[in-house]
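A.B. asks: I am sharing start_5.cif, which consists of mmCIF, N, CA and C atoms:
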data_target
loop_
_atom_site.label_atom_id
_atom_site.label_comp_id
_atom_site.auth_asym_id
_atom_site.auth_seq_id
_atom_site.Cartn_x
_atom_site.Cartn_y
_atom_site.Cartn_z
N MET A 29 146.06 23.18 -73.99
CA MET A 29 147.09 24.05 -73.51
C MET A 29 148.26 23.21 -73.03
N GLY A 30 149.46 23.67 -73.29
CA GLY A 30 150.61 22.94 -72.77
C GLY A 30 151.92 23.34 -73.40
N ILE A 31 152.96 22.63 -72.98
CA ILE A 31 154.33 22.84 -73.47
C ILE A 31 154.71 21.62 -74.30
N TYR A 32 155.46 21.87 -75.38
CA TYR A 32 155.96 20.74 -76.16
C TYR A 32 157.30 21.09 -76.80
N ALA A 33 158.04 20.04 -77.16
CA ALA A 33 159.31 20.20 -77.86
C ALA A 33 159.02 20.18 -79.35
N GLY A 34 159.24 21.30 -80.03
CA GLY A 34 158.96 21.41 -81.46
C GLY A 34 160.01 20.68 -82.29
N ALA A 35 159.59 19.66 -83.03
CA ALA A 35 160.51 18.87 -83.83
C ALA A 35 161.09 19.67 -84.99
N VAL A 36 160.32 20.58 -85.56
CA VAL A 36 160.80 21.38 -86.69
C VAL A 36 161.66 22.54 -86.19
N SER A 37 161.13 23.29 -85.21
CA SER A 37 161.85 24.47 -84.71
C SER A 37 163.00 24.10 -83.78
N LYS A 38 162.96 22.88 -83.21
CA LYS A 38 163.95 22.43 -82.21
C LYS A 38 163.99 23.37 -81.01
N GLU A 39 162.81 23.92 -80.65
CA GLU A 39 162.67 24.81 -79.50
C GLU A 39 161.50 24.33 -78.65
N TRP A 40 161.54 24.70 -77.36
CA TRP A 40 160.40 24.47 -76.50
C TRP A 40 159.33 25.47 -76.86
N LYS A 41 158.09 24.99 -77.00
CA LYS A 41 156.98 25.84 -77.41
C LYS A 41 155.82 25.68 -76.44
N VAL A 42 154.89 26.63 -76.48
CA VAL A 42 153.69 26.59 -75.67
C VAL A 42 152.50 26.83 -76.59
N PHE A 43 151.39 26.15 -76.29
CA PHE A 43 150.19 26.38 -77.10
C PHE A 43 148.98 26.57 -76.20
N ASP A 44 148.00 27.29 -76.73
CA ASP A 44 146.71 27.50 -76.08
C ASP A 44 145.68 27.48 -77.20
N TRP A 45 144.88 26.43 -77.24
CA TRP A 45 143.82 26.30 -78.23
C TRP A 45 142.53 26.06 -77.48
N THR A 46 141.73 27.09 -77.28
CA THR A 46 140.44 26.94 -76.61
C THR A 46 139.36 27.45 -77.55
N ALA A 47 138.14 27.52 -77.07
CA ALA A 47 137.04 28.01 -77.90
C ALA A 47 137.25 29.46 -78.33
N ASN A 48 137.87 30.26 -77.47
CA ASN A 48 138.00 31.69 -77.74
C ASN A 48 139.43 32.21 -77.87
N THR A 49 140.42 31.38 -77.58
CA THR A 49 141.81 31.84 -77.63
C THR A 49 142.67 30.89 -78.44
N TYR A 50 143.76 31.43 -79.00
CA TYR A 50 144.69 30.60 -79.77
C TYR A 50 146.08 31.22 -79.76
N THR A 51 147.07 30.39 -79.48
CA THR A 51 148.47 30.74 -79.70
C THR A 51 149.27 29.46 -79.81
N ASP A 52 150.36 29.51 -80.49
CA ASP A 52 151.33 28.43 -80.60
C ASP A 52 152.65 29.12 -80.86
N HIS A 53 153.43 29.34 -79.82
CA HIS A 53 154.65 30.14 -79.98
C HIS A 53 155.82 29.56 -79.19
N THR A 54 157.01 29.99 -79.57
CA THR A 54 158.23 29.51 -78.93
C THR A 54 158.44 30.18 -77.58
N LEU A 55 159.08 29.45 -76.70
CA LEU A 55 159.48 29.99 -75.40
C LEU A 55 160.91 30.52 -75.46
N GLY A 56 161.55 30.40 -76.62
CA GLY A 56 162.89 30.95 -76.81
C GLY A 56 164.00 30.09 -76.25
N LEU A 57 163.72 28.80 -76.02
CA LEU A 57 164.73 27.90 -75.47
C LEU A 57 164.89 26.72 -76.41
N PRO A 58 166.12 26.46 -76.89
CA PRO A 58 166.31 25.32 -77.78
C PRO A 58 166.17 24.00 -77.03
N VAL A 59 165.72 22.97 -77.75
CA VAL A 59 165.69 21.61 -77.22
C VAL A 59 167.08 21.02 -77.47
N VAL A 60 167.76 20.63 -76.41
CA VAL A 60 169.08 20.02 -76.53
C VAL A 60 168.90 18.51 -76.37
N LEU A 61 169.24 17.77 -77.41
CA LEU A 61 169.10 16.31 -77.38
C LEU A 61 170.01 15.72 -76.31
N GLY A 62 169.49 14.77 -75.55
CA GLY A 62 170.24 14.11 -74.51
C GLY A 62 170.21 14.83 -73.17
N LYS A 63 169.49 15.94 -73.06
CA LYS A 63 169.42 16.73 -71.84
C LYS A 63 168.08 16.48 -71.14
N TRP A 64 168.11 16.34 -69.80
CA TRP A 64 166.88 16.18 -69.03
C TRP A 64 166.41 17.54 -68.55
N TYR A 65 165.11 17.79 -68.72
CA TYR A 65 164.49 19.05 -68.32
C TYR A 65 163.40 18.78 -67.29
N GLY A 66 163.19 19.73 -66.39
CA GLY A 66 162.01 19.72 -65.53
C GLY A 66 160.99 20.65 -66.17
N ILE A 67 159.76 20.19 -66.32
CA ILE A 67 158.73 20.97 -67.00
C ILE A 67 157.54 21.14 -66.07
N GLU A 68 157.06 22.36 -65.94
CA GLU A 68 155.83 22.61 -65.18
C GLU A 68 154.98 23.59 -65.98
N PHE A 69 153.70 23.30 -66.04
CA PHE A 69 152.76 24.16 -66.76
C PHE A 69 151.55 24.37 -65.87
N ASP A 70 151.24 25.62 -65.57
CA ASP A 70 150.12 25.95 -64.69
C ASP A 70 149.17 26.90 -65.39
N VAL A 71 147.87 26.71 -65.16
CA VAL A 71 146.84 27.59 -65.70
C VAL A 71 146.03 28.13 -64.53
N ASP A 72 145.84 29.44 -64.51
CA ASP A 72 144.94 30.08 -63.56
C ASP A 72 143.77 30.62 -64.38
N ALA A 73 142.69 29.85 -64.44
CA ALA A 73 141.55 30.20 -65.29
C ALA A 73 140.89 31.49 -64.83
N VAL A 74 140.78 31.70 -63.53
CA VAL A 74 140.11 32.89 -63.00
C VAL A 74 140.88 34.17 -63.34
N HIS A 75 142.21 34.12 -63.21
CA HIS A 75 143.03 35.30 -63.49
C HIS A 75 143.57 35.33 -64.92
N ALA A 76 143.18 34.35 -65.73
CA ALA A 76 143.52 34.28 -67.15
C ALA A 76 145.02 34.32 -67.40
N THR A 77 145.76 33.44 -66.71
CA THR A 77 147.20 33.35 -66.94
C THR A 77 147.61 31.90 -67.13
N MET A 78 148.71 31.72 -67.87
CA MET A 78 149.36 30.42 -67.95
C MET A 78 150.84 30.64 -67.66
N ARG A 79 151.43 29.67 -66.95
CA ARG A 79 152.84 29.77 -66.57
C ARG A 79 153.58 28.58 -67.14
N SER A 80 154.68 28.86 -67.82
CA SER A 80 155.57 27.84 -68.37
C SER A 80 156.89 27.91 -67.61
N LEU A 81 157.26 26.82 -66.97
CA LEU A 81 158.51 26.76 -66.20
C LEU A 81 159.32 25.57 -66.68
N ILE A 82 160.54 25.83 -67.14
CA ILE A 82 161.45 24.77 -67.59
C ILE A 82 162.76 24.93 -66.83
N THR A 83 163.20 23.83 -66.23
CA THR A 83 164.45 23.85 -65.46
C THR A 83 165.42 22.81 -66.00
N ASP A 84 166.68 23.00 -65.69
CA ASP A 84 167.73 22.04 -66.00
C ASP A 84 167.74 21.02 -64.87
N ARG A 85 167.41 19.75 -65.15
CA ARG A 85 167.31 18.73 -64.11
C ARG A 85 168.67 18.42 -63.49
N ALA A 86 169.76 18.66 -64.21
CA ALA A 86 171.08 18.33 -63.68
C ALA A 86 171.51 19.29 -62.56
N ASN A 87 171.21 20.58 -62.72
CA ASN A 87 171.69 21.55 -61.73
C ASN A 87 170.59 22.41 -61.13
N GLY A 88 169.34 22.26 -61.58
CA GLY A 88 168.22 23.01 -61.02
C GLY A 88 168.06 24.42 -61.55
N ASP A 89 168.92 24.84 -62.48
CA ASP A 89 168.81 26.19 -63.04
C ASP A 89 167.47 26.39 -63.73
N VAL A 90 166.88 27.57 -63.55
CA VAL A 90 165.65 27.93 -64.25
C VAL A 90 166.03 28.42 -65.64
N LEU A 91 165.52 27.76 -66.67
CA LEU A 91 165.82 28.11 -68.05
C LEU A 91 164.74 29.01 -68.65
N VAL A 92 163.49 28.77 -68.29
CA VAL A 92 162.35 29.59 -68.71
C VAL A 92 161.38 29.65 -67.54
N ASP A 93 160.92 30.84 -67.22
CA ASP A 93 159.84 31.02 -66.24
C ASP A 93 159.00 32.18 -66.77
N LYS A 94 157.94 31.84 -67.48
CA LYS A 94 157.16 32.84 -68.20
C LYS A 94 155.68 32.74 -67.82
N ILE A 95 155.12 33.85 -67.36
CA ILE A 95 153.68 33.94 -67.10
C ILE A 95 153.08 34.81 -68.19
N GLU A 96 152.04 34.29 -68.85
CA GLU A 96 151.42 35.02 -69.95
C GLU A 96 149.94 35.24 -69.68
N ASP A 97 149.47 36.39 -70.09
CA ASP A 97 148.07 36.78 -69.98
C ASP A 97 147.30 36.14 -71.13
N LEU A 98 146.37 35.25 -70.82
CA LEU A 98 145.62 34.54 -71.85
C LEU A 98 144.71 35.45 -72.67
N THR A 99 144.36 36.62 -72.14
CA THR A 99 143.49 37.53 -72.89
C THR A 99 144.20 38.13 -74.10
N GLN A 100 145.53 38.04 -74.15
CA GLN A 100 146.25 38.53 -75.34
C GLN A 100 146.07 37.61 -76.54
N PHE A 101 145.53 36.41 -76.31
CA PHE A 101 145.34 35.44 -77.39
C PHE A 101 143.88 35.31 -77.82
N GLY A 102 143.01 36.15 -77.29
CA GLY A 102 141.60 36.11 -77.65
C GLY A 102 140.73 36.52 -76.47
N ALA A 103 139.43 36.40 -76.65
CA ALA A 103 138.46 36.82 -75.63
C ALA A 103 138.26 35.72 -74.59
N TRP A 104 139.24 35.56 -73.70
CA TRP A 104 139.23 34.51 -72.69
C TRP A 104 137.98 34.58 -71.83
N ASN A 105 137.30 33.46 -71.71
CA ASN A 105 136.13 33.34 -70.85
C ASN A 105 136.39 32.16 -69.93
N PRO A 106 136.63 32.39 -68.62
CA PRO A 106 137.00 31.29 -67.74
C PRO A 106 135.95 30.18 -67.65
N ALA A 107 134.69 30.51 -67.83
CA ALA A 107 133.64 29.49 -67.76
C ALA A 107 133.69 28.54 -68.96
N ILE A 108 134.19 29.02 -70.09
CA ILE A 108 134.28 28.20 -71.30
C ILE A 108 135.71 27.73 -71.53
N ASP A 109 136.64 28.67 -71.61
CA ASP A 109 138.03 28.35 -71.95
C ASP A 109 138.81 27.75 -70.80
N GLY A 110 138.39 28.00 -69.56
CA GLY A 110 139.10 27.50 -68.39
C GLY A 110 138.47 26.30 -67.73
N ASN A 111 137.56 25.64 -68.42
CA ASN A 111 136.85 24.51 -67.85
C ASN A 111 137.55 23.21 -68.25
N PHE A 112 138.58 22.83 -67.48
CA PHE A 112 139.37 21.64 -67.78
C PHE A 112 138.99 20.49 -66.88
N ASP A 113 138.93 19.29 -67.43
CA ASP A 113 138.71 18.11 -66.60
C ASP A 113 139.57 16.94 -67.05
N LEU A 114 140.60 17.22 -67.83
CA LEU A 114 141.45 16.16 -68.35
C LEU A 114 142.87 16.68 -68.50
N GLU A 115 143.82 15.83 -68.18
CA GLU A 115 145.22 16.16 -68.42
C GLU A 115 145.81 15.02 -69.23
N ALA A 116 146.53 15.34 -70.30
CA ALA A 116 147.08 14.32 -71.17
C ALA A 116 148.55 14.59 -71.42
N LEU A 117 149.32 13.55 -71.55
CA LEU A 117 150.74 13.63 -71.86
C LEU A 117 150.99 12.66 -73.01
N PHE A 118 151.53 13.17 -74.08
CA PHE A 118 151.73 12.31 -75.23
C PHE A 118 152.84 12.83 -76.13
N GLY A 119 153.40 11.94 -76.92
CA GLY A 119 154.39 12.30 -77.92
C GLY A 119 153.69 12.35 -79.26
N GLY A 120 153.12 13.48 -79.59
CA GLY A 120 152.32 13.55 -80.80
C GLY A 120 152.69 14.66 -81.75
N GLU A 121 153.87 15.24 -81.63
CA GLU A 121 154.28 16.34 -82.50
C GLU A 121 154.83 15.71 -83.76
N LEU A 122 154.04 15.71 -84.81
CA LEU A 122 154.37 14.94 -86.02
C LEU A 122 154.78 15.80 -87.21
N THR A 123 155.16 17.06 -86.97
CA THR A 123 155.47 17.92 -88.10
C THR A 123 156.83 17.63 -88.72
N ALA A 124 157.73 17.01 -87.98
CA ALA A 124 159.03 16.67 -88.55
C ALA A 124 158.89 15.40 -89.38
N THR A 125 159.55 15.35 -90.51
CA THR A 125 159.44 14.18 -91.37
C THR A 125 160.49 13.12 -91.04
N GLN A 126 161.60 13.51 -90.41
CA GLN A 126 162.64 12.53 -90.13
C GLN A 126 162.73 12.14 -88.67
N ARG A 127 162.50 13.08 -87.74
CA ARG A 127 162.63 12.76 -86.32
C ARG A 127 161.52 13.40 -85.51
N PRO A 128 160.31 12.86 -85.57
CA PRO A 128 159.24 13.39 -84.72
C PRO A 128 159.43 12.93 -83.28
N ASN A 129 158.64 13.51 -82.37
CA ASN A 129 158.62 13.11 -80.97
C ASN A 129 160.00 13.22 -80.32
N LEU A 130 160.41 14.45 -80.05
CA LEU A 130 161.74 14.71 -79.53
C LEU A 130 161.95 14.42 -78.05
N PHE A 131 160.93 13.95 -77.33
CA PHE A 131 161.18 13.76 -75.91
C PHE A 131 160.43 12.57 -75.34
N VAL A 132 160.92 12.11 -74.20
CA VAL A 132 160.25 11.11 -73.38
C VAL A 132 160.03 11.73 -72.01
N MET A 133 159.12 11.17 -71.20
CA MET A 133 158.85 11.80 -69.91
C MET A 133 158.65 10.75 -68.83
N ASP A 134 158.86 11.21 -67.58
CA ASP A 134 158.57 10.37 -66.43
C ASP A 134 158.22 11.27 -65.24
N ASN A 135 157.83 10.66 -64.12
CA ASN A 135 157.51 11.39 -62.88
C ASN A 135 156.41 12.43 -63.08
N ILE A 136 155.25 12.00 -63.51
CA ILE A 136 154.13 12.90 -63.75
C ILE A 136 153.45 13.25 -62.42
N ASP A 137 153.16 14.52 -62.21
CA ASP A 137 152.52 15.01 -60.98
C ASP A 137 151.20 15.66 -61.36
N VAL A 138 150.08 15.08 -60.93
CA VAL A 138 148.76 15.60 -61.27
C VAL A 138 147.97 15.79 -59.98
N PRO A 139 147.29 16.95 -59.80
CA PRO A 139 146.52 17.18 -58.57
C PRO A 139 145.25 16.32 -58.54
N VAL A 140 144.76 16.06 -57.34
CA VAL A 140 143.52 15.30 -57.21
C VAL A 140 142.41 16.14 -56.60
N GLY A 141 142.72 17.26 -55.95
CA GLY A 141 141.70 18.08 -55.30
C GLY A 141 140.98 19.00 -56.28
N ARG A 142 139.69 19.19 -56.07
CA ARG A 142 138.89 20.08 -56.90
C ARG A 142 138.33 21.17 -56.00
N GLY A 143 138.35 22.39 -56.49
CA GLY A 143 137.79 23.51 -55.75
C GLY A 143 136.29 23.61 -55.93
N PRO A 144 135.65 24.53 -55.23
CA PRO A 144 134.20 24.65 -55.31
C PRO A 144 133.69 25.04 -56.70
N SER A 145 134.54 25.68 -57.51
CA SER A 145 134.12 26.06 -58.86
C SER A 145 134.34 24.94 -59.86
N GLY A 146 134.88 23.81 -59.38
CA GLY A 146 135.17 22.71 -60.29
C GLY A 146 136.57 22.74 -60.84
N HIS A 147 137.33 23.80 -60.54
CA HIS A 147 138.71 23.91 -61.02
C HIS A 147 139.65 23.42 -59.94
N ASP A 148 140.83 22.97 -60.33
CA ASP A 148 141.83 22.54 -59.36
C ASP A 148 142.18 23.73 -58.47
N ASP A 149 142.18 23.52 -57.17
CA ASP A 149 142.51 24.59 -56.24
C ASP A 149 143.88 25.19 -56.52
N HIS A 150 144.85 24.33 -56.79
CA HIS A 150 146.22 24.83 -56.95
C HIS A 150 146.62 24.98 -58.41
N GLY A 151 145.80 24.52 -59.32
CA GLY A 151 146.09 24.67 -60.75
C GLY A 151 147.43 24.09 -61.14
N HIS A 152 147.86 23.02 -60.47
CA HIS A 152 149.21 22.51 -60.68
C HIS A 152 149.22 21.34 -61.65
N SER A 153 150.12 21.42 -62.59
CA SER A 153 150.35 20.34 -63.51
C SER A 153 151.84 20.31 -63.78
N ALA A 154 152.45 19.16 -63.72
CA ALA A 154 153.89 19.12 -63.92
C ALA A 154 154.31 17.81 -64.57
N ILE A 155 155.38 17.90 -65.31
CA ILE A 155 156.09 16.73 -65.78
C ILE A 155 157.39 16.76 -65.01
N GLY A 156 157.63 15.78 -64.18
CA GLY A 156 158.82 15.79 -63.34
C GLY A 156 160.08 15.91 -64.13
N SER A 157 160.15 15.25 -65.26
CA SER A 157 161.32 15.40 -66.12
C SER A 157 160.97 15.02 -67.54
N ALA A 158 161.65 15.64 -68.46
CA ALA A 158 161.49 15.32 -69.88
C ALA A 158 162.87 15.30 -70.49
N TRP A 159 163.12 14.33 -71.32
CA TRP A 159 164.43 14.16 -71.93
C TRP A 159 164.38 14.53 -73.39
N GLY A 160 165.28 15.38 -73.82
CA GLY A 160 165.37 15.72 -75.24
C GLY A 160 166.07 14.59 -75.98
N GLY A 161 165.32 13.69 -76.53
CA GLY A 161 165.88 12.54 -77.24
C GLY A 161 165.48 12.57 -78.70
N ASP A 162 165.92 11.62 -79.45
CA ASP A 162 165.52 11.56 -80.86
C ASP A 162 165.16 10.12 -81.22
N HIS A 163 164.09 9.65 -80.61
CA HIS A 163 163.66 8.27 -80.88
C HIS A 163 162.59 8.26 -81.93
#
Rewrite the structure of this file - the entire thing - as structure tokens.
C.D. replies:
Amino acid sequence: MGIYAGAVSKEWKVFDWTANTYTDHTLGLPVVLGKWYGIEFDVDAVHATMRSLITDRANGDVLVDKIEDLTQFGAWNPAIDGNFDLEALFGGELTATQRPNLFVMDNIDVPVGRGPSGHDDHGHSAIGSAWGGDH
């Protein structure tokens, strides 16, 4: 699950690929090369929601703030689909043939606390900033 800059669509996209759910869709915001974005992605496994938040790092404007019900993408089961123990950040969108990997990132914020169910208490995951580049 996460947010990525689509090299082909040139839009910010969100995906959810679990055992029981699947989506890969646009958030309706174009990727502007040379622009810094604030990215936050949160999952609430118990309430079956994911939140995509993208801000303009220059002025703090909220560009996308979308909460989606994960059950619309399949038969969400929090014990199976919401059992996360790893967070990864990578430039691996390889669908573009001329300019893959449209962004770089810094200032990663990852929680360290675990709740009694094994899930992060605050469900917080963030990329402090991401730059729409073409490297």
A.B. asks: What's the 6 Å shell around region 81-90 of chain A, counting only N, CA and C atoms, without same-chain residues fewer than 4 positions away, as a PyMOL selection string?
C.D. replies: chain A and resi 64-69+94
A.B. asks: Which residues are close to region 95-103 of chain A, i.e. within 6 Å by all atoms listed in the file, leaving aside same-chain residues fewer than 6 positions away? Reply as a list of chain:residue names.
C.D. replies: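 Once the adjacent positions are removed, what remains is A:Asn48, A:Thr49, A:Tyr50, A:Thr51, A:Ala76, A:Thr77, A:Met78, A:Arg79, A:Ser80.
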A.B. asks: Go ahead and save the residues from that selection, with N, CA and C atoms, as a PDB file, in the coordinates of the input.
C.D. replies:
ATOM      1  N   ASN A  48     137.870  30.260 -77.470  1.00  0.00           N
ATOM      2  CA  ASN A  48     138.000  31.690 -77.740  1.00  0.00           C
ATOM      3  C   ASN A  48     139.430  32.210 -77.870  1.00  0.00           C
ATOM      4  N   THR A  49     140.420  31.380 -77.580  1.00  0.00           N
ATOM      5  CA  THR A  49     141.810  31.840 -77.630  1.00  0.00           C
ATOM      6  C   THR A  49     142.670  30.890 -78.440  1.00  0.00           C
ATOM      7  N   TYR A  50     143.760  31.430 -79.000  1.00  0.00           N
ATOM      8  CA  TYR A  50     144.690  30.600 -79.770  1.00  0.00           C
ATOM      9  C   TYR A  50     146.080  31.220 -79.760  1.00  0.00           C
ATOM     10  N   THR A  51     147.070  30.390 -79.480  1.00  0.00           N
ATOM     11  CA  THR A  51     148.470  30.740 -79.700  1.00  0.00           C
ATOM     12  C   THR A  51     149.270  29.460 -79.810  1.00  0.00           C
ATOM     13  N   ALA A  76     143.180  34.350 -65.730  1.00  0.00           N
ATOM     14  CA  ALA A  76     143.520  34.280 -67.150  1.00  0.00           C
ATOM     15  C   ALA A  76     145.020  34.320 -67.400  1.00  0.00           C
ATOM     16  N   THR A  77     145.760  33.440 -66.710  1.00  0.00           N
ATOM     17  CA  THR A  77     147.200  33.350 -66.940  1.00  0.00           C
ATOM     18  C   THR A  77     147.610  31.900 -67.130  1.00  0.00           C
ATOM     19  N   MET A  78     148.710  31.720 -67.870  1.00  0.00           N
ATOM     20  CA  MET A  78     149.360  30.420 -67.950  1.00  0.00           C
ATOM     21  C   MET A  78     150.840  30.640 -67.660  1.00  0.00           C
ATOM     22  N   ARG A  79     151.430  29.670 -66.950  1.00  0.00           N
ATOM     23  CA  ARG A  79     152.840  29.770 -66.570  1.00  0.00           C
ATOM     24  C   ARG A  79     153.580  28.580 -67.140  1.00  0.00           C
ATOM     25  N   SER A  80     154.680  28.860 -67.820  1.00  0.00           N
ATOM     26  CA  SER A  80     155.570  27.840 -68.370  1.00  0.00           C
ATOM     27  C   SER A  80     156.890  27.910 -67.610  1.00  0.00           C
TER      28      SER A  80
END
A.B. asks: Of the residues A:Asp44, A:Pro58, A:Pro106, A:Val92, which is the one nearest to Val74 (chain A), using only N, CA and C atoms?
C.D. replies: A:Pro106
A.B. asks: So how far away is CA of Leu55 (chain A) from atom N of Ala35 (chain A), in Å?
C.D. replies: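 Here the two named atoms are 12.8 Å from each other.
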A.B. asks: Calculate how many Å separate atom N of Thr54 (chain A) from CA of Trp40 (chain A), rounding to one decimal.
C.D. replies: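 Calculated distance between atom N of Thr54 (chain A) and CA of Trp40 (chain A) is 7.2 Å.
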A.B. asks: Of the residues A:Asp93, A:Ala47, A:Asp52, A:Lys63, which is the one nearest to Asp109 (chain A), using all atoms listed in the file?
C.D. replies: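 Of all the options, A:Ala47 lies closest to Asp109 (chain A).
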A.B. asks: Could you jot down the CA of Trp104 (chain A) to CA of Gly30 (chain A) separation for me, Å, one decimal place?
C.D. replies: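 If I compute the distance from CA of Trp104 (chain A) to CA of Gly30 (chain A), I get 16.2 Å.
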A.B. asks: With all atoms of region 83-99 of chain A from the file as input, state the centre and edge lengths in Å to one decimal of the axis-aligned box that has 5 Å extra on each side, as AutoDock Vina command-line options.
C.D. replies:
--center_x 157.6 --center_y 28.2 --center_z -67.6 --size_x 38.2 --size_y 29.8 --size_z 23.1
A.B. asks: Smallest atom-to-atom distance to Trp45 (chain A): which of A:Asn105, A:Met29, A:Gly62, A:Asn111, using only C-alpha atoms?
C.D. replies: A:Met29
